[in-house]
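Each remark here refers to the structure printed beneath this line.
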Number of protein chains: 2
Amino acid sequence: MEYPQGIHSFGINIGIKDDTPDFALIYSEVVCQAAAVFTRNNYPGAPVIVGREHIRDGKLQAIVINSKNSNVATGAKGVEDSRAICRAIGKSLNIEPGLVLPSSTGVIGVPLPIDKILNACEISQSKLRPGNLEEVAEAIMTTDTRKKISKRMIQRNGKEGMIYGIAKGAGMIEPNMATMLAYIISDFHTEGDLQADLKSVVDDSFNCISIDSDTSTSDTVVVMTNGLSGSLPSDEFRKILLEISTDLSKMIARDGEGATKLIILEIDKARDSLQANKIGKSIINSPLVKTAIYGGDPNWGRLVMAIGKVFDEPIAYDDLEIYFGDLPVKNADQATKTKLSEYLKTNEEIHILCKLGQGSHKKTFYGCDLTEKYVEENAYYTT
Amino acid sequence: MEYPQGIHSFGINIGIKDDTPDFALIYSEVVCQAAAVFTRNNYPGAPVIVGREHIRDGKLQAIVINSKNSNVATGAKGVEDSRAICRAIGKSLNIEPGLVLPSSTGVIGVPLPIDKILNACEISQSKLRPGNLEEVAEAIMTTDTRKKISKRMIQRNGKEGMIYGIAKGAGMIEPNMATMLAYIISDFHTEGDLQADLKSVVDDSFNCISIDSDTSTSDTVVVMTNGLSGSLPSDEFRKILLEISTDLSKMIARDGEGATKLIILEIDKARDSLQANKIGKSIINSPLVKTAIYGGDPNWGRLVMAIGKVFDEPIAYDDLEIYFGDLPVKNADQATKTKLSEYLKTNEEIHILCKLGQGSHKKTFYGCDLTEKYVEENAYYTT
């Protein structure tokens with residue numbers, strides 16, 4: 001079994017910008033339980049506005065996505081476009097428009113090429129293939145360099161099913177809904193509260209990513225379960241949902257625009273989650289920390305700086321322990337520095353551990369290094 | 001007249017890192033009134049710790065500065081080194097060590113080459129030249145590409161004097177004491193409260209710069225007035241102090257590591273200073289705004305994103321006006337976009353105006369574009 005039962009999808013090119021895939025649909029044979037979390041940016045995209053309405057009753061049957069244009073800052077016309085897309089999909093699939101969640105990602109402030117999209121919606125039914133979710137994972141990419149998929153097979157009461165997650169996102173990514181788009185599909189329901197499960201999982205996964213401290217106007221994580229394989233206890237469902245969300249979060253951070261390295265930062269011995277968040281985000285967002293890691297420079301003073309610039313969370317210097325991999329960095333001697341530099345230069349996954357000595361809270365953050373290529377991509381990714 | 005009266009100085013190389021100038025001294029013939037503001041980073045450098053003690057009585061007679069090593073995260077030994085430097089300068093100049101303010105800038109976490117520095121302190125008296133402050137401006141540079149000097153001649157009651165400011169700083173620069181080091185020297189006293197004057201001026205100048213959102217552990221702005229040309233009314237003193245501080249702030253932002261453009265961002269019609277600060281900093285720090293300006297891309301959607309990610313300050317989209325130069329950017333048509341792109345590409349000083357429509361508060365921020373060169377410099381600026 002490769003896909004959740006009863007799921008059909010496709011991803012195709014409809015010429016929104018170039019000839020790469022830019023339009024995708026995910027459809028479930030039966031109505032799904034669904035939950036979503038969206039960007040906290042004060043100027044959410046039109047699809048986010050419409051998506052919030054459609055998810056309100058906790059039910060979805062389809063997700064329609066275009067890349068290359070985000071339908072953000074497009075005013076009332078943009079919202080009407082998103083509604084029209086849902087109506088057209090509803091008509092093609094013979095379902096209520098309110099069961100369709102719209103998503104768009106790409107440039108901000110440019111009207112959607114709505115005719116192209118509505119034409120594609122009309123023929124959607126005929127394009128659907130069973131499973132086929134890799135096509136969706138590809139069609140939703142913008143500056144991503146690779147597809148992001150994570151899935152887990154699950155056996156339960158003699159039935160086999162799965163949770164299948166796909167995501168995209170490489171820039172404009174920071175706290176509070178830290179991915180552009182992620183879709184998690186399952187043929188198992190949870191026996192718990194799907195929205196609560198999702199919210200707690202997102203706080204420990206997607207919301208711990210930072211690529212560039214910029215918060216997108218389109219961020220969306222949606223989970224859709226059709227229950228064709230039965231239900232899972234909430235604990236088990238959440239555990240697997242967290243595994244998949246963490247996998248996808250790492251893939252997004254590793255594929256950060258221009259990135260050469262994934263940074264996995266563990267904040268340990270924090271007083272609480274708030275303190276871990278403030279300090280974790282300060283480090284993972286610091287351009288000087290990110291460039292040092294890119295350069296393979298064990299410049300641990302920059303980590304100290306980044307911890308110290310959280311003015312309202314002073315940590316006594318002597319309480320602080322910092323490790324790259326398993327090497328302590330504070331006051332490293334020349335031999336250790338050489339090892340540290342080698343660690344940074346020879347690994348694609350850099351583990352940093354900061355023990356704050358304030359309590360027992362632990363939290364992990366995901367980021368990437370900052371390279372010339374990030375600048376190039378964003379200087380010339382044009383309107 | 002080129003310098004404030006009664007001021008002597010020098011800047012020389014003593015081999016801390018390479019053969020560029022790295023050690024400087026400013027000395028006044030008479031004891032000065034003095035005020036300073038320092039970094040809010042929770043791990044201030046040793047010189048900041050000692051400087052805070054020495055400025056407490058509002059009096060200074062000399063400032064001793066080394067570049068290439070910041071004496072930060074160097075523990076009790078670092079603080080003792082800073083004290084020893086003040087004692088050695090005091091001995092050479094025959095003044096109290098408490099009248100000497102120490103400053104260091106450069107790499108973090110490496111012990112000072114204290115013997116070299118103490119040797120230089122011993123012969124300081126003999127190196128002093130009248131005025132000569134350009135040498136200081138040069139000796140305090142690290143990754144700076146040019147000296148930063150701003151001065152104003154002042155005539156008062158038949159006497160001629162001046163306020164003379166020098167600064168350095170190009171990276172690890174953000175809110176709350178947004179420069180590495182700035183020294184402002186005058187032969188006029190203020191008739192007002194020097195510390196209050198300085199504090200209010202810094203809030204409207206140095207604290208409005210951001211190069212990379214990282215807050216240095218060494219930031220220091222100190223003003224020293226010897227009164228040899230008399231006193232100025234507080235209003236007049238503050239006005240000129242603000243002019244000089246604004247000049248220096250622009251120079252620092254323009255010389256941001258790798259920068260090709262100065263960004264002058266005016267936030268207008270804000271509710272208050274707090275709202276202007278949050279939104280101004282969000283824009284001026286946004287890597288996506290900074291790279292768009294570098295690329296000459298009029299991608300105004302990124303400005304909207306940066307305003308919208310200040311979650312606790314929602315601004316109705318329709319209230320928002322945004323201009324590059326005098327060109328409105330919201331919903332720009334193709335002709336305007338072409339003009340906008342030309343404006344961005346042909347100017348070294350980019351003016352952005354954001355009217356929030358919330359009140360009447362106005363504040364200006366200074367930043368720079370983000371380029372491949374920033375990454376290069378910081379990836380390989382090594383410990």
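Every chain in the structure tokens has a letter given in the order shown (A, B, ...), and although residue numbers restart at 1 in each chain, ligands are simply numbered from 1 in the order shown.
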- Message: Please list as a ChimeraX atom specification every residue within 12 Å of Asn69 in chain A, counting only C-alpha atoms and excluding residues in the same chain fewer than 4 positions away.
- Response: /A:15-18,22-23,45-47,65,73-74,78,103-114,117,140-142,218,382-383 /B:301
Go ahead and dump the residues you just picked, C-alpha atoms, as a JSON list (two decimals), in the first residue's frame.
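Contents of the output file out-v7.json:
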[["chain", "number", "residue", "atom", "x", "y", "z"],
["A", 15, "GLY", "CA", 1.01, 27.63, -17.64],
["A", 16, "ILE", "CA", 0.65, 30.01, -14.69],
["A", 17, "LYS", "CA", 4.27, 31.10, -15.02],
["A", 18, "ASP", "CA", 6.35, 28.57, -16.93],
["A", 22, "ASP", "CA", 1.65, 24.45, -11.02],
["A", 23, "PHE", "CA", -1.82, 23.07, -10.33],
["A", 45, "GLY", "CA", -3.84, 35.50, 1.35],
["A", 46, "ALA", "CA", -7.31, 35.21, -0.16],
["A", 47, "PRO", "CA", -7.17, 31.37, -0.05],
["A", 65, "ILE", "CA", -3.66, 24.15, -4.96],
["A", 73, "ALA", "CA", -2.84, 41.43, -1.51],
["A", 74, "THR", "CA", -5.29, 41.06, -4.37],
["A", 78, "GLY", "CA", -8.73, 37.79, -5.00],
["A", 103, "SER", "CA", -4.38, 27.07, -1.47],
["A", 104, "SER", "CA", -2.08, 29.28, -3.51],
["A", 105, "THR", "CA", 1.63, 29.96, -3.20],
["A", 106, "GLY", "CA", 4.00, 32.16, -5.16],
["A", 107, "VAL", "CA", 4.43, 35.83, -5.87],
["A", 108, "ILE", "CA", 2.45, 38.36, -3.83],
["A", 109, "GLY", "CA", 0.36, 41.18, -5.26],
["A", 110, "VAL", "CA", -0.34, 39.87, -8.75],
["A", 111, "PRO", "CA", -3.90, 38.87, -9.78],
["A", 112, "LEU", "CA", -4.41, 35.13, -10.42],
["A", 113, "PRO", "CA", -4.68, 34.08, -14.08],
["A", 114, "ILE", "CA", -8.20, 33.02, -13.15],
["A", 117, "ILE", "CA", -7.28, 28.04, -13.37],
["A", 140, "ILE", "CA", 3.21, 22.78, -5.20],
["A", 141, "MET", "CA", 6.95, 23.56, -5.32],
["A", 142, "THR", "CA", 8.15, 27.12, -5.94],
["A", 218, "SER", "CA", -0.02, 31.99, 2.89],
["A", 382, "THR", "CA", 10.96, 38.80, -9.47],
["A", 383, "THR", "CA", 7.44, 40.15, -9.60],
["B", 301, "GLY", "CA", 4.39, 42.39, -1.61]]
- Query: Mind listing as number ranges by chain which residues of chain A are within 8 Å of chain B, counting only C-alpha atoms?
  - Reply: A: 40-43, 73, 107-109, 172, 212-217, 286-288, 291-302, 304-311, 314-315, 317, 331, 370-373, 375-376, 378-380, 382-383
- Query: What residues in range 83-308 of chain B get the DSSP label helix (DSSP H, G or I)? Please answer as number ranges by chain.
  - Reply: B: 83-93, 97-99, 114-122, 124-127, 133-139, 194-203, 206-208, 234-254, 273-285, 287-294, 301-308
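Going from CA of Glu53 in chain A over to CA of Ser70 in chain A, you cover 18.1 Å.
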Please return the superposed copy of chain A as a compact mmCIF listing (two decimals) with C-alpha atoms, in the first residue's frame; the fit should be least squares onto chain B across all sequentially paired Cα atoms.
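Heads up, here's the output in superposed.txt:
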# COMPACT_ATOMS: atom_id res chain seq x y z
CA MET A 1 39.56 74.99 13.34
CA GLU A 2 39.44 71.32 12.64
CA TYR A 3 39.06 69.77 16.08
CA PRO A 4 37.55 70.57 19.45
CA GLN A 5 39.96 72.54 21.60
CA GLY A 6 42.19 70.73 24.06
CA ILE A 7 41.76 67.32 22.40
CA HIS A 8 44.73 65.12 21.50
CA SER A 9 44.71 61.64 20.03
CA PHE A 10 46.43 58.96 18.01
CA GLY A 11 45.73 55.69 16.22
CA ILE A 12 48.49 53.16 15.53
CA ASN A 13 49.17 49.53 14.75
CA ILE A 14 50.36 47.34 17.60
CA GLY A 15 49.97 44.00 15.81
CA ILE A 16 46.83 42.63 17.48
CA LYS A 17 45.85 40.78 14.32
CA ASP A 18 47.55 42.21 11.24
CA ASP A 19 49.34 45.40 10.25
CA THR A 20 46.37 47.77 10.08
CA PRO A 21 45.80 50.35 12.84
CA ASP A 22 44.27 48.66 15.88
CA PHE A 23 44.93 50.86 18.91
CA ALA A 24 43.75 54.41 19.62
CA LEU A 25 43.57 56.97 22.38
CA ILE A 26 41.54 60.17 22.77
CA TYR A 27 42.65 62.56 25.53
CA SER A 28 41.35 65.91 26.77
CA GLU A 29 43.65 68.41 28.51
CA VAL A 30 40.98 68.95 31.14
CA VAL A 31 38.48 66.63 32.80
CA CYS A 32 35.30 66.30 30.70
CA GLN A 33 31.63 65.93 31.44
CA ALA A 34 30.72 62.60 29.95
CA ALA A 35 27.75 60.33 29.29
CA ALA A 36 27.43 56.95 27.61
CA VAL A 37 24.92 54.34 26.56
CA PHE A 38 25.91 50.71 26.18
CA THR A 39 24.66 47.47 24.62
CA ARG A 40 21.63 45.79 26.14
CA ASN A 41 23.05 42.39 25.26
CA ASN A 42 23.04 40.23 28.40
CA TYR A 43 26.68 39.29 27.87
CA PRO A 44 28.34 42.71 27.63
CA GLY A 45 32.04 42.80 26.89
CA ALA A 46 34.52 43.37 29.70
CA PRO A 47 35.17 46.98 28.55
CA VAL A 48 31.44 47.68 28.82
CA ILE A 49 31.41 46.37 32.40
CA VAL A 50 34.38 48.56 33.35
CA GLY A 51 33.13 51.50 31.25
CA ARG A 52 29.80 51.51 33.14
CA GLU A 53 31.71 51.90 36.40
CA HIS A 54 33.97 54.66 35.11
CA ILE A 55 31.19 56.75 33.59
CA ARG A 56 29.06 56.61 36.72
CA ASP A 57 30.33 59.96 38.08
CA GLY A 58 29.75 61.67 34.71
CA LYS A 59 33.45 62.44 34.23
CA LEU A 60 36.07 61.19 31.75
CA GLN A 61 39.37 62.46 30.46
CA ALA A 62 40.44 59.73 28.04
CA ILE A 63 39.07 56.91 25.88
CA VAL A 64 41.33 53.99 24.98
CA ILE A 65 40.23 51.70 22.17
CA ASN A 66 41.51 48.59 20.48
CA SER A 67 40.03 46.87 17.45
CA LYS A 68 40.44 43.24 16.21
CA ASN A 69 39.52 41.74 19.60
CA SER A 70 36.38 42.61 21.59
CA ASN A 71 37.37 41.19 24.99
CA VAL A 72 33.92 39.60 25.24
CA ALA A 73 33.17 36.24 26.91
CA THR A 74 36.64 36.30 28.43
CA GLY A 75 35.53 35.98 32.06
CA ALA A 76 37.13 37.58 35.11
CA LYS A 77 40.49 37.75 33.33
CA GLY A 78 38.91 39.91 30.60
CA VAL A 79 37.58 42.39 33.16
CA GLU A 80 40.94 42.49 34.92
CA ASP A 81 42.61 43.15 31.53
CA SER A 82 40.32 46.12 30.91
CA ARG A 83 41.11 47.51 34.35
CA ALA A 84 44.84 47.04 33.78
CA ILE A 85 44.57 48.98 30.51
CA CYS A 86 42.89 51.90 32.30
CA ARG A 87 45.56 51.85 35.02
CA ALA A 88 48.35 51.87 32.44
CA ILE A 89 46.78 54.76 30.52
CA GLY A 90 46.22 56.61 33.78
CA LYS A 91 49.87 56.20 34.67
CA SER A 92 51.10 57.34 31.23
CA LEU A 93 48.82 60.40 31.17
CA ASN A 94 49.07 61.07 34.88
CA ILE A 95 45.31 60.93 35.43
CA GLU A 96 43.02 58.75 37.55
CA PRO A 97 42.26 55.33 35.95
CA GLY A 98 38.57 56.03 36.67
CA LEU A 99 38.71 58.89 34.14
CA VAL A 100 39.57 56.42 31.35
CA LEU A 101 36.87 54.63 29.34
CA PRO A 102 38.04 51.38 27.72
CA SER A 103 36.58 50.05 24.45
CA SER A 104 37.34 46.94 22.43
CA THR A 105 35.83 45.63 19.22
CA GLY A 106 36.51 42.55 17.15
CA VAL A 107 36.28 38.81 17.59
CA ILE A 108 34.43 37.40 20.60
CA GLY A 109 35.79 34.79 22.98
CA VAL A 110 39.52 35.21 22.46
CA PRO A 111 41.73 36.60 25.28
CA LEU A 112 43.26 40.03 24.59
CA PRO A 113 46.98 40.07 23.71
CA ILE A 114 47.36 42.05 26.92
CA ASP A 115 51.15 42.47 26.86
CA LYS A 116 51.07 44.17 23.47
CA ILE A 117 48.33 46.48 24.66
CA LEU A 118 49.98 47.37 27.97
CA ASN A 119 53.23 48.16 26.16
CA ALA A 120 51.29 50.54 23.92
CA CYS A 121 49.57 52.14 26.92
CA GLU A 122 52.92 52.87 28.53
CA ILE A 123 54.11 54.99 25.60
CA SER A 124 50.72 56.64 24.98
CA GLN A 125 51.68 60.08 26.24
CA SER A 126 54.44 60.36 23.63
CA LYS A 127 52.16 59.35 20.73
CA LEU A 128 49.49 62.00 21.29
CA ARG A 129 49.06 64.69 18.62
CA PRO A 130 46.71 67.70 18.82
CA GLY A 131 43.34 66.92 17.23
CA ASN A 132 44.29 64.10 14.89
CA LEU A 133 40.96 62.30 15.34
CA GLU A 134 40.96 60.83 11.80
CA GLU A 135 43.63 58.45 13.02
CA VAL A 136 41.27 57.25 15.73
CA ALA A 137 38.44 56.85 13.21
CA GLU A 138 40.71 54.61 11.18
CA ALA A 139 42.15 52.56 14.04
CA ILE A 140 38.73 51.50 15.33
CA MET A 141 37.58 49.97 12.02
CA THR A 142 37.07 46.21 11.72
CA THR A 143 34.99 45.17 8.72
CA ASP A 144 34.20 48.82 8.01
CA THR A 145 35.23 49.91 4.55
CA ARG A 146 35.51 53.62 5.36
CA LYS A 147 36.05 56.03 8.24
CA LYS A 148 32.92 57.53 9.78
CA ILE A 149 33.25 61.13 10.90
CA SER A 150 30.65 63.87 11.32
CA LYS A 151 31.33 67.30 12.82
CA ARG A 152 29.72 70.71 13.21
CA MET A 153 31.41 74.04 13.85
CA ILE A 154 29.61 76.20 16.38
CA GLN A 155 29.99 79.95 17.12
CA ARG A 156 28.81 81.09 20.53
CA ASN A 157 29.47 84.31 22.46
CA GLY A 158 32.38 85.13 20.18
CA LYS A 159 33.94 81.72 20.76
CA GLU A 160 34.32 79.05 18.14
CA GLY A 161 34.07 75.39 19.03
CA MET A 162 32.67 72.17 17.69
CA ILE A 163 31.08 68.81 18.21
CA TYR A 164 33.08 66.05 16.55
CA GLY A 165 31.74 62.50 16.17
CA ILE A 166 33.43 59.33 15.02
CA ALA A 167 31.97 55.84 14.77
CA LYS A 168 32.62 52.33 13.57
CA GLY A 169 30.33 49.43 12.88
CA ALA A 170 29.31 47.31 9.95
CA GLY A 171 27.89 44.04 11.27
CA MET A 172 26.22 42.55 14.35
CA ILE A 173 24.19 45.69 14.44
CA GLU A 174 20.62 46.04 15.54
CA PRO A 175 18.23 47.61 17.95
CA ASN A 176 19.09 49.00 21.34
CA MET A 177 22.43 50.56 20.89
CA ALA A 178 22.71 50.00 17.23
CA THR A 179 26.34 50.77 16.71
CA MET A 180 29.46 49.07 17.78
CA LEU A 181 31.31 52.19 18.87
CA ALA A 182 30.75 55.94 18.57
CA TYR A 183 32.68 58.71 20.27
CA ILE A 184 31.42 62.27 20.25
CA ILE A 185 33.77 64.92 21.52
CA SER A 186 33.02 68.59 22.10
CA ASP A 187 34.65 71.64 23.59
CA PHE A 188 31.18 72.94 24.45
CA HIS A 189 29.36 71.71 27.52
CA THR A 190 25.58 71.42 27.40
CA GLU A 191 23.62 73.53 29.84
CA GLY A 192 21.26 70.56 30.13
CA ASP A 193 21.69 66.99 31.40
CA LEU A 194 24.28 65.34 29.17
CA GLN A 195 23.12 61.77 29.86
CA ALA A 196 19.46 62.68 29.15
CA ASP A 197 20.45 64.55 25.98
CA LEU A 198 22.46 61.56 24.77
CA LYS A 199 19.77 59.03 25.60
CA SER A 200 17.07 60.87 23.65
CA VAL A 201 19.38 61.45 20.69
CA VAL A 202 20.46 57.79 20.56
CA ASP A 203 16.82 56.65 20.52
CA ASP A 204 16.25 58.71 17.37
CA SER A 205 19.50 57.85 15.60
CA PHE A 206 21.72 54.88 16.46
CA ASN A 207 18.79 52.84 17.81
CA CYS A 208 17.05 53.25 14.43
CA ILE A 209 19.78 51.44 12.50
CA SER A 210 19.63 47.80 11.63
CA ILE A 211 22.09 45.98 9.47
CA ASP A 212 21.47 42.36 10.37
CA SER A 213 19.25 42.19 13.48
CA ASP A 214 22.13 40.92 15.60
CA THR A 215 22.93 42.95 18.70
CA SER A 216 26.58 43.28 19.53
CA THR A 217 27.99 42.65 22.97
CA SER A 218 30.21 45.74 22.73
CA ASP A 219 27.95 48.58 21.59
CA THR A 220 28.98 51.87 23.11
CA VAL A 221 28.17 55.50 22.38
CA VAL A 222 30.02 57.98 24.54
CA VAL A 223 29.99 61.75 24.53
CA MET A 224 32.73 63.78 26.23
CA THR A 225 32.68 67.59 26.56
CA ASN A 226 35.54 69.63 27.99
CA GLY A 227 33.83 73.04 27.96
CA LEU A 228 36.91 74.93 26.74
CA SER A 229 34.63 76.91 24.39
CA GLY A 230 31.89 77.46 26.97
CA SER A 231 28.39 76.03 27.11
CA LEU A 232 25.43 75.68 24.76
CA PRO A 233 21.75 75.75 25.63
CA SER A 234 20.50 72.18 25.93
CA ASP A 235 18.18 72.56 22.90
CA GLU A 236 20.99 73.69 20.63
CA PHE A 237 23.40 71.08 21.94
CA ARG A 238 20.82 68.31 21.44
CA LYS A 239 19.95 69.51 17.95
CA ILE A 240 23.57 69.33 16.79
CA LEU A 241 24.18 66.09 18.68
CA LEU A 242 21.20 64.59 16.83
CA GLU A 243 22.48 65.84 13.45
CA ILE A 244 25.88 64.28 14.07
CA SER A 245 24.40 61.04 15.43
CA THR A 246 22.06 60.79 12.42
CA ASP A 247 24.98 61.39 10.03
CA LEU A 248 26.99 58.66 11.73
CA SER A 249 23.99 56.31 11.78
CA LYS A 250 23.55 56.71 8.03
CA MET A 251 27.26 56.11 7.47
CA ILE A 252 27.10 52.92 9.54
CA ALA A 253 24.02 51.63 7.70
CA ARG A 254 25.48 52.52 4.30
CA ASP A 255 28.69 50.71 5.22
CA GLY A 256 26.78 47.61 6.40
CA GLU A 257 28.75 44.48 5.60
CA GLY A 258 28.46 43.83 1.89
CA ALA A 259 25.88 46.58 1.41
CA THR A 260 25.46 48.36 -1.91
CA LYS A 261 22.60 50.63 -0.85
CA LEU A 262 21.49 52.71 2.12
CA ILE A 263 17.81 52.25 2.95
CA ILE A 264 16.09 55.19 4.60
CA LEU A 265 12.69 54.07 5.82
CA GLU A 266 10.21 56.59 7.08
CA ILE A 267 7.25 55.33 9.06
CA ASP A 268 4.58 58.03 9.08
CA LYS A 269 1.10 58.33 10.55
CA ALA A 270 1.88 55.76 13.23
CA ARG A 271 -0.12 55.66 16.45
CA ASP A 272 3.00 56.19 18.54
CA SER A 273 6.71 55.51 18.76
CA LEU A 274 6.17 51.89 19.85
CA GLN A 275 4.09 51.07 16.79
CA ALA A 276 6.54 52.88 14.50
CA ASN A 277 9.43 50.93 16.05
CA LYS A 278 7.85 47.50 15.71
CA ILE A 279 6.85 48.00 12.10
CA GLY A 280 9.97 49.92 11.11
CA LYS A 281 12.25 47.24 12.52
CA SER A 282 10.22 44.45 10.93
CA ILE A 283 10.68 46.01 7.48
CA ILE A 284 14.29 47.10 7.83
CA ASN A 285 15.27 43.65 9.15
CA SER A 286 13.38 41.58 6.60
CA PRO A 287 15.87 39.60 4.50
CA LEU A 288 13.31 39.42 1.70
CA VAL A 289 12.84 43.19 1.61
CA LYS A 290 16.60 43.67 1.77
CA THR A 291 17.34 41.23 -1.04
CA ALA A 292 14.57 42.68 -3.23
CA ILE A 293 16.14 46.12 -2.91
CA TYR A 294 19.54 44.66 -3.68
CA GLY A 295 18.12 43.09 -6.83
CA GLY A 296 16.28 46.25 -7.88
CA ASP A 297 13.03 44.29 -7.74
CA PRO A 298 9.98 46.44 -6.86
CA ASN A 299 8.50 43.46 -4.99
CA TRP A 300 6.26 45.54 -2.74
CA GLY A 301 4.38 42.41 -1.61
CA ARG A 302 7.36 41.73 0.64
CA LEU A 303 6.86 45.08 2.36
CA VAL A 304 3.23 44.18 2.95
CA MET A 305 4.36 40.82 4.34
CA ALA A 306 6.86 42.49 6.69
CA ILE A 307 4.21 44.88 8.00
CA GLY A 308 1.71 42.04 8.37
CA LYS A 309 4.05 39.83 10.37
CA VAL A 310 3.91 42.27 13.29
CA PHE A 311 1.03 40.21 14.66
CA ASP A 312 0.12 42.54 17.50
CA GLU A 313 -0.04 45.69 15.36
CA PRO A 314 -2.64 44.98 12.68
CA ILE A 315 -2.93 47.78 10.11
CA ALA A 316 -5.96 47.68 7.83
CA TYR A 317 -4.67 46.98 4.34
CA ASP A 318 -6.67 49.83 2.85
CA ASP A 319 -5.15 52.32 5.33
CA LEU A 320 -1.66 51.48 4.18
CA GLU A 321 0.27 53.70 1.75
CA ILE A 322 3.73 52.70 0.53
CA TYR A 323 6.14 54.72 -1.61
CA PHE A 324 9.59 54.06 -3.07
CA GLY A 325 11.00 57.54 -3.55
CA ASP A 326 7.83 59.44 -4.52
CA LEU A 327 6.30 56.54 -6.44
CA PRO A 328 3.32 54.75 -4.85
CA VAL A 329 3.85 50.99 -5.04
CA LYS A 330 0.56 49.38 -3.96
CA ASN A 331 -1.10 47.86 -7.01
CA ALA A 332 1.45 49.49 -9.28
CA ASP A 333 0.72 49.03 -12.98
CA GLN A 334 3.38 47.87 -15.43
CA ALA A 335 4.52 51.40 -16.29
CA THR A 336 4.96 52.28 -12.61
CA LYS A 337 6.77 48.99 -11.97
CA THR A 338 9.27 49.85 -14.65
CA LYS A 339 9.84 53.26 -13.03
CA LEU A 340 10.11 51.64 -9.60
CA SER A 341 12.68 49.17 -10.83
CA GLU A 342 14.65 52.00 -12.40
CA TYR A 343 14.46 53.97 -9.14
CA LEU A 344 15.83 51.01 -7.19
CA LYS A 345 18.53 50.24 -9.70
CA THR A 346 19.87 53.76 -10.24
CA ASN A 347 19.97 55.06 -6.65
CA GLU A 348 22.39 54.25 -3.87
CA GLU A 349 20.07 55.79 -1.30
CA ILE A 350 16.63 54.20 -1.33
CA HIS A 351 13.83 56.12 0.37
CA ILE A 352 10.81 54.11 1.50
CA LEU A 353 7.80 55.81 3.01
CA CYS A 354 5.05 53.82 4.77
CA LYS A 355 2.01 55.72 5.97
CA LEU A 356 0.08 53.62 8.46
CA GLY A 357 -3.02 55.83 8.77
CA GLN A 358 -3.16 55.30 12.56
CA GLY A 359 -2.06 58.65 14.00
CA SER A 360 0.54 61.34 13.52
CA HIS A 361 3.79 59.83 14.79
CA LYS A 362 6.76 59.81 12.42
CA LYS A 363 10.09 57.99 12.77
CA THR A 364 12.99 57.26 10.42
CA PHE A 365 15.01 54.04 10.27
CA TYR A 366 18.32 53.27 8.57
CA GLY A 367 19.28 49.96 7.01
CA CYS A 368 20.99 48.44 4.02
CA ASP A 369 20.47 45.80 1.39
CA LEU A 370 21.51 42.17 1.88
CA THR A 371 24.05 40.88 -0.61
CA GLU A 372 26.18 37.83 -1.33
CA LYS A 373 29.08 39.79 0.08
CA TYR A 374 27.49 39.97 3.56
CA VAL A 375 27.39 36.19 3.55
CA GLU A 376 30.96 35.85 2.31
CA GLU A 377 32.32 38.25 4.89
CA ASN A 378 30.55 36.56 7.75
CA ALA A 379 31.10 33.00 6.67
CA TYR A 380 34.84 33.51 6.61
CA TYR A 381 35.45 36.22 9.26
CA THR A 382 37.11 33.69 11.45
CA THR A 383 37.98 33.11 15.08
- Task: Step one, run DSSP on the backbone; step two, keep only residues of range 6-140 of chain A assigned to strand (DSSP E or B); then write them as number ranges by chain.
- Result: A: 7-12, 23-38, 59-66, 69, 100-105, 107, 129-130
